[in-house]
Amino acid sequence: MTFPRLRLRSLLAWSGILISVVFTYVAVRDVDFDLVWSALRESNYWYVAPALAALAAGVFLRIVRWRYVFRPESRPATGDLAHALLIGYLFNNVLPARAGEAARVVALHQRAGASRLETVGTITLERVFDVLSLLTLLFVAVPFLPEVTWLRRAALIAVVVVALVLGLTIMLAGFGDRPLRFVLRPLARLPRVSVDRAEQAGANLAIGFAAIRDVKLAVVAFVLTTVSWVALAVSAWALFFAFDLELGFGAGLLVVVTTNLVQVLPSSPGALGVFEAATQVALGAFGVGDSRALSYAVVLHALNFLPSLVVGLFVLQRHRGFLRREPQPSDA
C-alpha cells in the first residue's frame with residue numbers, strides 16, 4: 001500500500017473517531033443517567049426476539065439484493081455472498097473508515113473468484129439503491145410523521161438528492177463504461193499503471209453497474225432494497241414495546257432512515273455515538289425525551305451490533321485464508 005493511501009485512510013479513521021466523539025457528547029449532554037439505567041432495567045427484553053427475527057430477514061434480503069446486482073453470467077452463489085457480506089459487517093463493526101466494504105471485496109474474490117473491480121461496482125451500486133430507497137421512504141412517510149421543521153426540509157432535500165442520483169444513474173446507463181474510463185484515465189500517471197490498464201479498470205468497474213442498464217434487474221434490486229429497509233423498520237418498531245414506547249411503525253421507519261443516512265459521515269467502528277444521537281433526533285420528533293431515547297438506542301444498537309459480530313467471527317473462522325492470504329494476481 002502506498003504512503004498517500006495510508007495517509008488518506010489514517011485521515012478518514014481519525015476524522016471518523018472525532019465525529020463519533022462529537023456525536024457521543026451530543027447524545028449524552030442532556031441525559032439523566034439514572035433514568036437511562038432505570039429504563040434499561042425495567043425493559044421487557046422478550047421483544048428482542050421478534051426484533052432480531054425482523055433484522056435477520058432484512059439481512060437475508062440484502063444478500064439476495066447483492067446477488068441481483070451482479071450480471072447473470074457472473075453471479076456468485078448465495079452462500080458465497082452471505083459469507084462475504086457477514087465478514088464485511090464484522091469489519092465495519094470493529095474497524096473505522098468502512099473497512100468492511102474492502103473486506104467484502106477480498107472475501108468474495110477468494111471464495112468465489114469474483115472480479116474485485118466488478119464487486120466494487122456492485123457495492124457502489126448497492127449504496128445508490130440504499131440512498132434512493134431511504135430517501136423515497138422518507139418522502140412517502142413525511143405526511144404521516146409529526147410536523148417537525150427539520151423533517152419537511154429533509155423531505156425537500158430528499159427530492160433533490162434522488163433527482164441528482166437518478167440523473168447520474170441514467171447517464172451511466174446511457175453511456176456505459178465511457179464516463180468511468182474517462183474518470184480513471186488519470187491513474188495512468190501512477191507508476192506501473194498504463195493507459196490501457198486504467199481504461200480496463202474503468203470497463204470492469206462499469207460491469208458492476210450492469211443492473212442499472214437492465215430495467216428489470218434495477219426494479220428488482222430497488223424493491224428488495226426497500227423491503228429490506230422495511231424489515232429493519234419492523235425490527236426497530238418491535239423494540240419499542242420493550243420500552244413501553246407507544247409509537248407507530250412510522251417512528252421505527254424514521255429511526256432506520258436517520259441512523260443509516262447519518263452513517264454516510266465517517267465515524268468510529270460500529271458508528272458508536274453517531275447511531276445513538278441519530279436515534280435521539282428521530283424519537284425526539286415524537287416527543288420522546290433524550291434519556292429514554294438513549295436507553296432505547298443503546299439496546300437497538302446492541303441488537304444490530306452483537307449478532308453481526310458473533311456470526312461474523314464464526315464465518316471468519318471458517319474462512320481461514322482471509323487473514324493469511326497469499327498474494328493474488330491483479331484483476332483490473
# chains A, B, ... in the order shown; residues from 1 in each chain; ligands from 1
>>> closest_atom_pairs(of="segment 244-286 of chain A", to="segment 211-229 of chain A", cutoff="10 Å", atoms="only C-alpha atoms", output="JSON lines")
{"residue": "A:Leu253", "atom": "CA", "partner": "A:Trp229", "partner_atom": "CA", "distance": 8.0}
{"residue": "A:Val256", "atom": "CA", "partner": "A:Trp229", "partner_atom": "CA", "distance": 7.4}
{"residue": "A:Val257", "atom": "CA", "partner": "A:Trp229", "partner_atom": "CA", "distance": 8.4}
{"residue": "A:Asn260", "atom": "CA", "partner": "A:Trp229", "partner_atom": "CA", "distance": 9.9}
>>> residues_around(residues="segment 274-277 of chain A", least_positions_apart="4", cutoff="10 Å", atoms="only C-alpha atoms", output="number ranges by chain")
A: 16, 19-28, 255-256, 258-260, 262-263, 265-268, 270, 281-282, 290, 293-301
>>> write_last_selection(atoms="N, CA and C atoms", output="compact mmCIF listing (two decimals), in the first residue's frame")
# COMPACT_ATOMS: atom_id res chain seq x y z
N GLY A 16 -13.24 10.10 11.54
CA GLY A 16 -14.39 9.32 12.00
C GLY A 16 -14.47 9.25 13.51
N ILE A 19 -15.63 12.63 14.81
CA ILE A 19 -17.06 12.81 14.60
C ILE A 19 -17.86 11.99 15.62
N SER A 20 -17.41 10.77 15.90
CA SER A 20 -18.10 9.94 16.88
C SER A 20 -18.04 10.55 18.28
N VAL A 21 -16.89 11.13 18.62
CA VAL A 21 -16.75 11.78 19.93
C VAL A 21 -17.73 12.94 20.05
N VAL A 22 -17.83 13.73 18.99
CA VAL A 22 -18.75 14.88 18.99
C VAL A 22 -20.20 14.40 19.13
N PHE A 23 -20.58 13.39 18.35
CA PHE A 23 -21.95 12.88 18.41
C PHE A 23 -22.24 12.23 19.76
N THR A 24 -21.25 11.57 20.34
CA THR A 24 -21.44 10.97 21.67
C THR A 24 -21.72 12.05 22.70
N TYR A 25 -20.96 13.15 22.62
CA TYR A 25 -21.20 14.27 23.54
C TYR A 25 -22.61 14.82 23.36
N VAL A 26 -23.03 14.99 22.10
CA VAL A 26 -24.38 15.49 21.82
C VAL A 26 -25.43 14.53 22.40
N ALA A 27 -25.15 13.23 22.31
CA ALA A 27 -26.13 12.23 22.76
C ALA A 27 -26.28 12.21 24.28
N VAL A 28 -25.22 12.52 25.03
CA VAL A 28 -25.26 12.34 26.49
C VAL A 28 -25.31 13.66 27.26
N VAL A 255 -36.48 6.09 12.54
CA VAL A 255 -35.23 5.69 13.21
C VAL A 255 -34.27 5.06 12.22
N VAL A 256 -34.79 4.16 11.38
CA VAL A 256 -33.94 3.48 10.39
C VAL A 256 -33.39 4.48 9.37
N THR A 258 -32.91 7.81 9.66
CA THR A 258 -31.93 8.75 10.23
C THR A 258 -30.62 8.05 10.61
N THR A 259 -30.71 6.87 11.23
CA THR A 259 -29.48 6.20 11.67
C THR A 259 -28.64 5.72 10.50
N ASN A 260 -29.27 5.43 9.38
CA ASN A 260 -28.50 4.95 8.23
C ASN A 260 -28.01 6.08 7.34
N VAL A 262 -27.19 9.07 8.39
CA VAL A 262 -26.12 9.77 9.09
C VAL A 262 -24.80 9.00 9.01
N GLN A 263 -24.88 7.70 8.72
CA GLN A 263 -23.66 6.91 8.62
C GLN A 263 -22.91 7.14 7.31
N LEU A 265 -21.50 9.82 6.97
CA LEU A 265 -20.35 10.50 7.56
C LEU A 265 -19.33 9.47 8.05
N PRO A 266 -18.04 9.83 8.03
CA PRO A 266 -17.05 8.95 8.66
C PRO A 266 -17.36 8.83 10.15
N SER A 267 -17.10 7.68 10.73
CA SER A 267 -17.34 7.51 12.16
C SER A 267 -16.44 6.41 12.69
N SER A 268 -16.48 6.23 14.00
CA SER A 268 -15.69 5.17 14.63
C SER A 268 -16.30 3.82 14.29
N GLY A 270 -18.49 0.68 14.12
CA GLY A 270 -19.84 0.46 14.61
C GLY A 270 -20.68 1.71 14.73
N VAL A 281 -32.59 12.03 17.80
CA VAL A 281 -33.21 13.03 16.93
C VAL A 281 -34.52 12.49 16.36
N ALA A 282 -34.49 11.23 15.90
CA ALA A 282 -35.69 10.63 15.31
C ALA A 282 -36.82 10.52 16.33
N ASP A 290 -34.63 12.71 25.70
CA ASP A 290 -33.29 12.21 25.36
C ASP A 290 -32.88 11.00 26.19
N ALA A 293 -34.85 7.95 25.06
CA ALA A 293 -34.42 7.62 23.70
C ALA A 293 -33.03 6.99 23.71
N LEU A 294 -32.15 7.45 24.60
CA LEU A 294 -30.80 6.89 24.66
C LEU A 294 -30.83 5.44 25.13
N SER A 295 -31.66 5.14 26.12
CA SER A 295 -31.75 3.75 26.59
C SER A 295 -32.23 2.84 25.46
N TYR A 296 -33.22 3.31 24.70
CA TYR A 296 -33.70 2.53 23.54
C TYR A 296 -32.60 2.39 22.50
N ALA A 297 -31.89 3.49 22.22
CA ALA A 297 -30.84 3.48 21.20
C ALA A 297 -29.72 2.51 21.55
N VAL A 298 -29.36 2.44 22.83
CA VAL A 298 -28.29 1.53 23.26
C VAL A 298 -28.67 0.08 22.97
N VAL A 299 -29.91 -0.28 23.28
CA VAL A 299 -30.35 -1.67 23.05
C VAL A 299 -30.49 -1.95 21.55
N LEU A 300 -31.05 -1.00 20.80
CA LEU A 300 -31.18 -1.19 19.35
C LEU A 300 -29.81 -1.32 18.69
N HIS A 301 -28.86 -0.51 19.14
CA HIS A 301 -27.50 -0.58 18.59
C HIS A 301 -26.88 -1.94 18.92
>>> atom_distance(atom1="atom CA of Asp80 of chain A", atom2="atom CA of Glu126 of chain A")
17.1 Å
>>> residues_around(residues="Trp237 of chain A", least_positions_apart="5", cutoff="10 Å", atoms="only C-alpha atoms", output="PDB file with N, CA and C atoms, in the first residue's frame")
ATOM      1  N   PRO A  50     -38.600 -10.952  18.438  1.00  0.00           N
ATOM      2  CA  PRO A  50     -39.173 -10.564  17.144  1.00  0.00           C
ATOM      3  C   PRO A  50     -38.352  -9.492  16.436  1.00  0.00           C
ATOM      4  N   ALA A  51     -37.728  -8.608  17.209  1.00  0.00           N
ATOM      5  CA  ALA A  51     -36.880  -7.581  16.596  1.00  0.00           C
ATOM      6  C   ALA A  51     -35.692  -8.223  15.891  1.00  0.00           C
ATOM      7  N   ALA A  54     -36.862  -9.956  12.598  1.00  0.00           N
ATOM      8  CA  ALA A  54     -37.049  -8.991  11.511  1.00  0.00           C
ATOM      9  C   ALA A  54     -35.708  -8.509  10.973  1.00  0.00           C
ATOM     10  N   ALA A 231     -38.113  -4.156   6.650  1.00  0.00           N
ATOM     11  CA  ALA A 231     -37.861  -5.203   7.652  1.00  0.00           C
ATOM     12  C   ALA A 231     -37.071  -4.643   8.830  1.00  0.00           C
ATOM     13  N   LEU A 232     -36.074  -3.807   8.549  1.00  0.00           N
ATOM     14  CA  LEU A 232     -35.303  -3.189   9.633  1.00  0.00           C
ATOM     15  C   LEU A 232     -36.176  -2.229  10.437  1.00  0.00           C
ATOM     16  N   ALA A 242     -40.566  -3.079  24.077  1.00  0.00           N
ATOM     17  CA  ALA A 242     -39.714  -3.428  25.218  1.00  0.00           C
ATOM     18  C   ALA A 242     -39.582  -2.265  26.187  1.00  0.00           C
ATOM     19  N   LEU A 245     -42.807   2.223  24.699  1.00  0.00           N
ATOM     20  CA  LEU A 245     -42.921   3.412  23.858  1.00  0.00           C
ATOM     21  C   LEU A 245     -44.112   3.212  22.924  1.00  0.00           C
ATOM     22  N   GLU A 246     -45.167   3.970  23.138  1.00  0.00           N
ATOM     23  CA  GLU A 246     -46.386   3.804  22.338  1.00  0.00           C
ATOM     24  C   GLU A 246     -46.251   4.583  21.034  1.00  0.00           C
ATOM     25  N   LEU A 247     -45.428   4.050  20.162  1.00  0.00           N
ATOM     26  CA  LEU A 247     -45.147   4.694  18.881  1.00  0.00           C
ATOM     27  C   LEU A 247     -45.506   3.747  17.747  1.00  0.00           C
ATOM     28  N   GLY A 248     -45.904   4.314  16.625  1.00  0.00           N
ATOM     29  CA  GLY A 248     -46.295   3.509  15.482  1.00  0.00           C
ATOM     30  C   GLY A 248     -45.122   3.097  14.611  1.00  0.00           C
ATOM     31  N   PHE A 249     -45.462   2.411  13.518  1.00  0.00           N
ATOM     32  CA  PHE A 249     -44.443   1.928  12.598  1.00  0.00           C
ATOM     33  C   PHE A 249     -43.655   3.083  11.976  1.00  0.00           C
ATOM     34  N   GLY A 250     -44.310   4.232  11.780  1.00  0.00           N
ATOM     35  CA  GLY A 250     -43.628   5.388  11.187  1.00  0.00           C
ATOM     36  C   GLY A 250     -42.428   5.826  12.003  1.00  0.00           C
ATOM     37  N   ALA A 251     -42.517   5.699  13.322  1.00  0.00           N
ATOM     38  CA  ALA A 251     -41.382   6.065  14.176  1.00  0.00           C
ATOM     39  C   ALA A 251     -40.220   5.109  13.955  1.00  0.00           C
ATOM     40  N   GLY A 252     -40.529   3.818  13.818  1.00  0.00           N
ATOM     41  CA  GLY A 252     -39.472   2.845  13.530  1.00  0.00           C
ATOM     42  C   GLY A 252     -38.811   3.120  12.198  1.00  0.00           C
ATOM     43  N   LEU A 253     -39.625   3.493  11.211  1.00  0.00           N
ATOM     44  CA  LEU A 253     -39.080   3.817   9.891  1.00  0.00           C
ATOM     45  C   LEU A 253     -38.177   5.043   9.962  1.00  0.00           C
ATOM     46  N   LEU A 254     -38.594   6.055  10.723  1.00  0.00           N
ATOM     47  CA  LEU A 254     -37.776   7.264  10.838  1.00  0.00           C
ATOM     48  C   LEU A 254     -36.457   6.965  11.543  1.00  0.00           C
ATOM     49  N   VAL A 255     -36.475   6.092  12.541  1.00  0.00           N
ATOM     50  CA  VAL A 255     -35.230   5.690  13.215  1.00  0.00           C
ATOM     51  C   VAL A 255     -34.271   5.057  12.215  1.00  0.00           C
ATOM     52  N   VAL A 256     -34.785   4.162  11.383  1.00  0.00           N
ATOM     53  CA  VAL A 256     -33.941   3.485  10.391  1.00  0.00           C
ATOM     54  C   VAL A 256     -33.394   4.475   9.369  1.00  0.00           C
TER      55      VAL A 256
END
>>> closest_residue(among="A:Leu303, A:Met171, A:Leu272, A:Pro72", to="Leu239 of chain A", atoms="only C-alpha atoms")
A:Leu303
>>> residues_around(residues="Leu156 of chain A", least_positions_apart="4", cutoff="12 Å", atoms="only C-alpha atoms", output="list in words")
Leu135, Thr136, Leu138, Phe139, Val140, Val142, Thr149, Trp150, Leu151, Arg152, Val160, Val161, Val162 and Ala163 of chain A
>>> write_last_selection(atoms="N, CA and C atoms", output="PDB file, in the first residue's frame")
ATOM      1  N   LEU A 135     -34.395   7.627   0.936  1.00  0.00           N
ATOM      2  CA  LEU A 135     -34.959   8.954   0.700  1.00  0.00           C
ATOM      3  C   LEU A 135     -36.379   8.861   0.152  1.00  0.00           C
ATOM      4  N   THR A 136     -36.642   7.857  -0.661  1.00  0.00           N
ATOM      5  CA  THR A 136     -38.002   7.655  -1.163  1.00  0.00           C
ATOM      6  C   THR A 136     -38.949   7.316  -0.017  1.00  0.00           C
ATOM      7  N   LEU A 138     -38.553   8.122   3.107  1.00  0.00           N
ATOM      8  CA  LEU A 138     -38.712   9.335   3.912  1.00  0.00           C
ATOM      9  C   LEU A 138     -39.731  10.266   3.282  1.00  0.00           C
ATOM     10  N   PHE A 139     -39.624  10.473   1.972  1.00  0.00           N
ATOM     11  CA  PHE A 139     -40.536  11.381   1.270  1.00  0.00           C
ATOM     12  C   PHE A 139     -41.978  10.876   1.355  1.00  0.00           C
ATOM     13  N   VAL A 140     -42.159   9.569   1.172  1.00  0.00           N
ATOM     14  CA  VAL A 140     -43.505   8.986   1.221  1.00  0.00           C
ATOM     15  C   VAL A 140     -44.079   9.043   2.633  1.00  0.00           C
ATOM     16  N   VAL A 142     -43.343  11.225   5.146  1.00  0.00           N
ATOM     17  CA  VAL A 142     -43.425  12.540   5.797  1.00  0.00           C
ATOM     18  C   VAL A 142     -44.859  12.974   6.105  1.00  0.00           C
ATOM     19  N   THR A 149     -40.114  20.825  11.637  1.00  0.00           N
ATOM     20  CA  THR A 149     -39.495  21.600  10.556  1.00  0.00           C
ATOM     21  C   THR A 149     -38.389  20.834   9.857  1.00  0.00           C
ATOM     22  N   TRP A 150     -37.515  20.182  10.634  1.00  0.00           N
ATOM     23  CA  TRP A 150     -36.376  19.520  10.004  1.00  0.00           C
ATOM     24  C   TRP A 150     -36.813  18.352   9.128  1.00  0.00           C
ATOM     25  N   LEU A 151     -37.973  17.744   9.441  1.00  0.00           N
ATOM     26  CA  LEU A 151     -38.466  16.649   8.612  1.00  0.00           C
ATOM     27  C   LEU A 151     -38.914  17.159   7.250  1.00  0.00           C
ATOM     28  N   ARG A 152     -39.598  18.308   7.231  1.00  0.00           N
ATOM     29  CA  ARG A 152     -40.041  18.880   5.957  1.00  0.00           C
ATOM     30  C   ARG A 152     -38.840  19.251   5.100  1.00  0.00           C
ATOM     31  N   VAL A 160     -34.337  16.465  -4.062  1.00  0.00           N
ATOM     32  CA  VAL A 160     -33.197  16.958  -4.842  1.00  0.00           C
ATOM     33  C   VAL A 160     -32.148  15.865  -5.013  1.00  0.00           C
ATOM     34  N   VAL A 161     -31.810  15.187  -3.909  1.00  0.00           N
ATOM     35  CA  VAL A 161     -30.772  14.149  -3.967  1.00  0.00           C
ATOM     36  C   VAL A 161     -31.205  12.992  -4.858  1.00  0.00           C
ATOM     37  N   VAL A 162     -32.463  12.576  -4.729  1.00  0.00           N
ATOM     38  CA  VAL A 162     -32.964  11.485  -5.573  1.00  0.00           C
ATOM     39  C   VAL A 162     -32.876  11.870  -7.043  1.00  0.00           C
ATOM     40  N   ALA A 163     -33.238  13.118  -7.366  1.00  0.00           N
ATOM     41  CA  ALA A 163     -33.163  13.577  -8.755  1.00  0.00           C
ATOM     42  C   ALA A 163     -31.727  13.547  -9.268  1.00  0.00           C
TER      43      ALA A 163
END
>>> closest_residue(among="A:Leu132, A:Trp14, A:Phe286, A:Ala278", to="Pro96 of chain A", atoms="only C-alpha atoms")
A:Trp14
>>> residues_around(residues="Phe70 of chain A", least_positions_apart="4", cutoff="12 Å", atoms="only C-alpha atoms", output="MDAnalysis selection string")
chainID A and resid 63:66 74:78 81 114:115 117:126 205:214 217:218 221
>>> write_last_selection(atoms="C-alpha atoms", output="mmCIF file, in the first residue's frame")
data_model
loop_
_atom_site.group_PDB
_atom_site.id
_atom_site.type_symbol
_atom_site.label_atom_id
_atom_site.label_comp_id
_atom_site.auth_asym_id
_atom_site.auth_seq_id
_atom_site.Cartn_x
_atom_site.Cartn_y
_atom_site.Cartn_z
ATOM 1 C CA ILE A 63 -27.853 -10.880 0.434
ATOM 2 C CA VAL A 64 -30.435 -11.605 -2.271
ATOM 3 C CA ARG A 65 -30.260 -7.966 -3.448
ATOM 4 C CA TRP A 66 -26.473 -8.141 -3.773
ATOM 5 C CA SER A 74 -21.019 -13.821 -13.257
ATOM 6 C CA ARG A 75 -23.490 -14.084 -10.380
ATOM 7 C CA PRO A 76 -21.914 -15.780 -7.315
ATOM 8 C CA ALA A 77 -23.797 -18.339 -5.246
ATOM 9 C CA THR A 78 -26.000 -17.003 -2.455
ATOM 10 C CA LEU A 81 -22.350 -13.696 -0.998
ATOM 11 C CA ALA A 114 -15.335 -12.789 -8.409
ATOM 12 C CA SER A 115 -13.609 -9.865 -10.118
ATOM 13 C CA LEU A 117 -13.417 -4.343 -9.586
ATOM 14 C CA GLU A 118 -16.787 -5.734 -10.628
ATOM 15 C CA THR A 119 -17.544 -6.379 -6.956
ATOM 16 C CA VAL A 120 -16.571 -2.793 -6.095
ATOM 17 C CA GLY A 121 -19.017 -1.665 -8.776
ATOM 18 C CA THR A 122 -21.836 -3.758 -7.309
ATOM 19 C CA ILE A 123 -21.171 -2.438 -3.798
ATOM 20 C CA THR A 124 -21.209 1.132 -5.119
ATOM 21 C CA LEU A 125 -24.489 0.377 -6.867
ATOM 22 C CA GLU A 126 -25.869 -1.044 -3.617
ATOM 23 C CA LEU A 205 -15.876 -1.312 -12.781
ATOM 24 C CA ALA A 206 -18.703 -0.416 -15.145
ATOM 25 C CA ILE A 207 -19.620 -4.103 -15.308
ATOM 26 C CA GLY A 208 -20.615 -3.794 -11.669
ATOM 27 C CA PHE A 209 -23.204 -1.209 -12.736
ATOM 28 C CA ALA A 210 -24.841 -3.691 -15.124
ATOM 29 C CA ALA A 211 -28.071 -3.807 -13.119
ATOM 30 C CA ILE A 212 -28.904 -0.171 -13.862
ATOM 31 C CA ARG A 213 -28.799 -0.879 -17.594
ATOM 32 C CA ASP A 214 -31.366 -3.651 -17.175
ATOM 33 C CA LEU A 217 -32.884 -6.040 -12.602
ATOM 34 C CA ALA A 218 -32.927 -2.427 -11.423
ATOM 35 C CA ALA A 221 -32.934 -4.568 -6.764
#
>>> atom_distance(atom1="atom CA of Val311 of chain A", atom2="atom CA of Ile87 of chain A")
8.6 Å
>>> select_by_dssp(residues="segment 22-89 of chain A", states="helix (DSSP H, G or I)", output="VMD selection string")
chain A and resid 22 to 28 33 to 42 45 to 68 72 to 74 78 to 89
>>> closest_residue(among="A:Leu95, A:Gly284, A:Leu134, A:Arg127", to="Ile17 of chain A", atoms="only C-alpha atoms")
A:Leu95
>>> atom_distance(atom1="atom CA of Arg104 of chain A", atom2="atom CA of Gly312 of chain A")
11.6 Å
